[in-house]
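Remarks on the structure that follows.
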Amino acid sequence: MRFLKGKDYKDASRKAANIISAQIIMKPNCVLGLATGSSPIGAYNQLIDWYKKGDLDFSEVSTINLDEYKGLSGEHKQSYRYFMNTNLFNHVNIEKSKTFVPDGLAEDDDKECARYNEIIKSRGIDLQLLGLGHNGHIGFNEPDDAFEKETHIVKLSENTILANSRLFKEVSQVPRYAFTMGIKNIMQARKIVVIVSGVDKADIVKEVFFGPVTPKVPGSILQMHNDVTVIGDEAAFSKI
Ligand code: GLP
């Protein structure tokens, strides 16, 4: 596991964007596993900037997102599809048909999970980008008694609902369930890049990367992957 410390969020984001752009340059038709949340926004902005300067080409890139709220359409402003469109896809030359996010409005949960799993398995993820929830969740894999392997529906924890309510008008509007890739899906990515920022992530960064590997702290499984780069600002790394 490598730890790359940025001076601040912008610097950390640029480091993450550097790794992603190297992946695209070395393998133009790569499959990127992408994440939402505040943490990757700086990296996405940097990638857009490099694309606009002519340094990056997304025309052959495919993307597979980690998760989506159940019950939200892709047009809903808080959906992860909307997030990805507005924070990255609309600003680069990626083909939308090659960008995958679970369908929050799918009527049959099992079918949607099977469909999404097939998308992941048939393509394979070259580089998976991750943020970290305050309880150690990755994607929406919440603390549990066992690691869930593949794409599944998850009941969000109160902690996660509260943390994510900052983006909704009120807590009651936050969906209670989500589709998420499973831990095995994530662990099968060839390379993993985790972005963390802010002092509020300092404790969980220590627990996830230096504590025991347990499904009670889902991200701790990343200690078992052979190509993980954790990129953070000084605040997020202040306890390690
Ligand atoms: C959400 C997402 C995760 C994300 C996490 C942290 O719950 N499902 O994929 O990593 O929040 O978000 P943030 O980066 O905003 O702290």
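Every chain in the structure tokens has a letter given in the order shown (A, B, ...), and although residue numbers restart at 1 in each chain, ligands are simply numbered from 1 in the order shown.
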
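Restricting the atom set to only C-alpha atoms and all ligand atoms, one finds that the residues within 7 Å of ligand 1 amount to Ala35, Thr36, Gly37, Ser38, Ser39, Pro40, Leu66, Asp67, Leu130, Gly131, Leu132, Gly133, Ile138, Gly139, Phe140, Thr160 and Asn164 of chain A.
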
How would the residues just chosen look if you wrote them out with C-alpha atoms as a short mmCIF file (atom, residue, chain, number, x, y, z; two decimals), in the first residue's frame?
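New file part37.cif:
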```
data_model
loop_
_atom_site.label_atom_id
_atom_site.label_comp_id
_atom_site.auth_asym_id
_atom_site.auth_seq_id
_atom_site.Cartn_x
_atom_site.Cartn_y
_atom_site.Cartn_z
CA ALA A 35 -16.83 7.12 -7.23
CA THR A 36 -19.08 9.99 -6.19
CA GLY A 37 -19.02 12.13 -3.04
CA SER A 38 -16.99 15.25 -2.36
CA SER A 39 -13.60 13.52 -2.31
CA PRO A 40 -13.10 12.81 -6.06
CA LEU A 66 -19.69 2.09 -7.58
CA ASP A 67 -23.23 2.78 -6.53
CA LEU A 130 -12.72 5.16 -4.01
CA GLY A 131 -13.70 7.59 -1.30
CA LEU A 132 -14.19 6.52 2.29
CA GLY A 133 -17.36 6.87 4.35
CA ILE A 138 -16.51 1.84 0.38
CA GLY A 139 -19.11 2.32 -2.35
CA PHE A 140 -22.13 1.73 -0.15
CA THR A 160 -24.41 7.43 6.26
CA ASN A 164 -25.15 12.39 2.99
#
```

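For range 61-106 of chain A, the set of residues given strand (DSSP E or B) by DSSP on the backbone reads Ser62, Thr63, Ile64, Asn65, Asp67, Glu68, Tyr69, Thr99 and Phe100 of chain A.
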
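Between CA of Glu150 in chain A and CA of Thr180 in chain A lies a distance of 8.3 Å.
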
Selected residue, from A:Gln46, A:Ser197, A:Thr63, A:Asn29, that lies nearest to Ala17 in chain A when counting only C-alpha atoms: A:Gln46

Can you pull out every residue from range 90-172 of chain A that DSSP, working from the backbone, puts in alpha helix (DSSP H), and format the result as an mmCIF file with N, CA and C atoms, in the first residue's frame?
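Result file is states.cif:
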```cif
data_model
loop_
_atom_site.group_PDB
_atom_site.id
_atom_site.type_symbol
_atom_site.label_atom_id
_atom_site.label_comp_id
_atom_site.auth_asym_id
_atom_site.auth_seq_id
_atom_site.Cartn_x
_atom_site.Cartn_y
_atom_site.Cartn_z
ATOM 1 N N ASP A 109 -34.973 -5.622 -8.158
ATOM 2 C CA ASP A 109 -33.643 -5.439 -7.552
ATOM 3 C C ASP A 109 -32.675 -6.540 -7.965
ATOM 4 N N ASP A 110 -33.141 -7.790 -7.881
ATOM 5 C CA ASP A 110 -32.237 -8.912 -8.182
ATOM 6 C C ASP A 110 -31.740 -8.853 -9.619
ATOM 7 N N LYS A 111 -32.674 -8.532 -10.527
ATOM 8 C CA LYS A 111 -32.292 -8.459 -11.947
ATOM 9 C C LYS A 111 -31.275 -7.345 -12.175
ATOM 10 N N GLU A 112 -31.504 -6.212 -11.516
ATOM 11 C CA GLU A 112 -30.590 -5.086 -11.690
ATOM 12 C C GLU A 112 -29.200 -5.427 -11.138
ATOM 13 N N CYS A 113 -29.170 -6.110 -9.998
ATOM 14 C CA CYS A 113 -27.869 -6.505 -9.419
ATOM 15 C C CYS A 113 -27.154 -7.468 -10.358
ATOM 16 N N ALA A 114 -27.902 -8.424 -10.912
ATOM 17 C CA ALA A 114 -27.288 -9.410 -11.824
ATOM 18 C C ALA A 114 -26.782 -8.705 -13.088
ATOM 19 N N ARG A 115 -27.598 -7.767 -13.607
ATOM 20 C CA ARG A 115 -27.207 -7.032 -14.824
ATOM 21 C C ARG A 115 -25.908 -6.255 -14.561
ATOM 22 N N TYR A 116 -25.857 -5.589 -13.413
ATOM 23 C CA TYR A 116 -24.688 -4.750 -13.115
ATOM 24 C C TYR A 116 -23.438 -5.602 -12.888
ATOM 25 N N ASN A 117 -23.631 -6.722 -12.208
ATOM 26 C CA ASN A 117 -22.514 -7.641 -11.984
ATOM 27 C C ASN A 117 -21.919 -8.111 -13.289
ATOM 28 N N GLU A 118 -22.788 -8.376 -14.246
ATOM 29 C CA GLU A 118 -22.357 -8.855 -15.553
ATOM 30 C C GLU A 118 -21.549 -7.755 -16.258
ATOM 31 N N ILE A 119 -21.992 -6.509 -16.102
ATOM 32 C CA ILE A 119 -21.264 -5.379 -16.709
ATOM 33 C C ILE A 119 -19.850 -5.337 -16.140
ATOM 34 N N ILE A 120 -19.743 -5.520 -14.827
ATOM 35 C CA ILE A 120 -18.420 -5.456 -14.184
ATOM 36 C C ILE A 120 -17.562 -6.641 -14.627
ATOM 37 N N LYS A 121 -18.155 -7.836 -14.551
ATOM 38 C CA LYS A 121 -17.381 -9.047 -14.850
ATOM 39 C C LYS A 121 -16.934 -9.112 -16.303
ATOM 40 N N SER A 122 -17.823 -8.725 -17.221
ATOM 41 C CA SER A 122 -17.466 -8.868 -18.634
ATOM 42 C C SER A 122 -16.400 -7.855 -19.042
ATOM 43 N N ARG A 123 -16.301 -6.748 -18.340
ATOM 44 C CA ARG A 123 -15.311 -5.734 -18.728
ATOM 45 C C ARG A 123 -14.040 -5.811 -17.892
ATOM 46 N N GLU A 158 -27.723 4.807 9.603
ATOM 47 C CA GLU A 158 -28.149 6.147 10.042
ATOM 48 C C GLU A 158 -27.002 7.144 9.852
ATOM 49 N N ASN A 159 -25.805 6.679 10.194
ATOM 50 C CA ASN A 159 -24.596 7.483 10.072
ATOM 51 C C ASN A 159 -24.400 7.981 8.621
ATOM 52 N N THR A 160 -24.582 7.074 7.673
ATOM 53 C CA THR A 160 -24.406 7.427 6.256
ATOM 54 C C THR A 160 -25.522 8.358 5.790
ATOM 55 N N ILE A 161 -26.756 8.048 6.216
ATOM 56 C CA ILE A 161 -27.888 8.886 5.821
ATOM 57 C C ILE A 161 -27.665 10.324 6.317
ATOM 58 N N LEU A 162 -27.217 10.437 7.559
ATOM 59 C CA LEU A 162 -26.954 11.765 8.127
ATOM 60 C C LEU A 162 -25.831 12.473 7.379
ATOM 61 N N ALA A 163 -24.723 11.739 7.136
ATOM 62 C CA ALA A 163 -23.579 12.350 6.448
ATOM 63 C C ALA A 163 -23.992 12.826 5.059
ATOM 64 N N ASN A 164 -24.792 12.039 4.363
ATOM 65 C CA ASN A 164 -25.152 12.391 2.989
ATOM 66 C C ASN A 164 -26.324 13.368 2.911
#
```
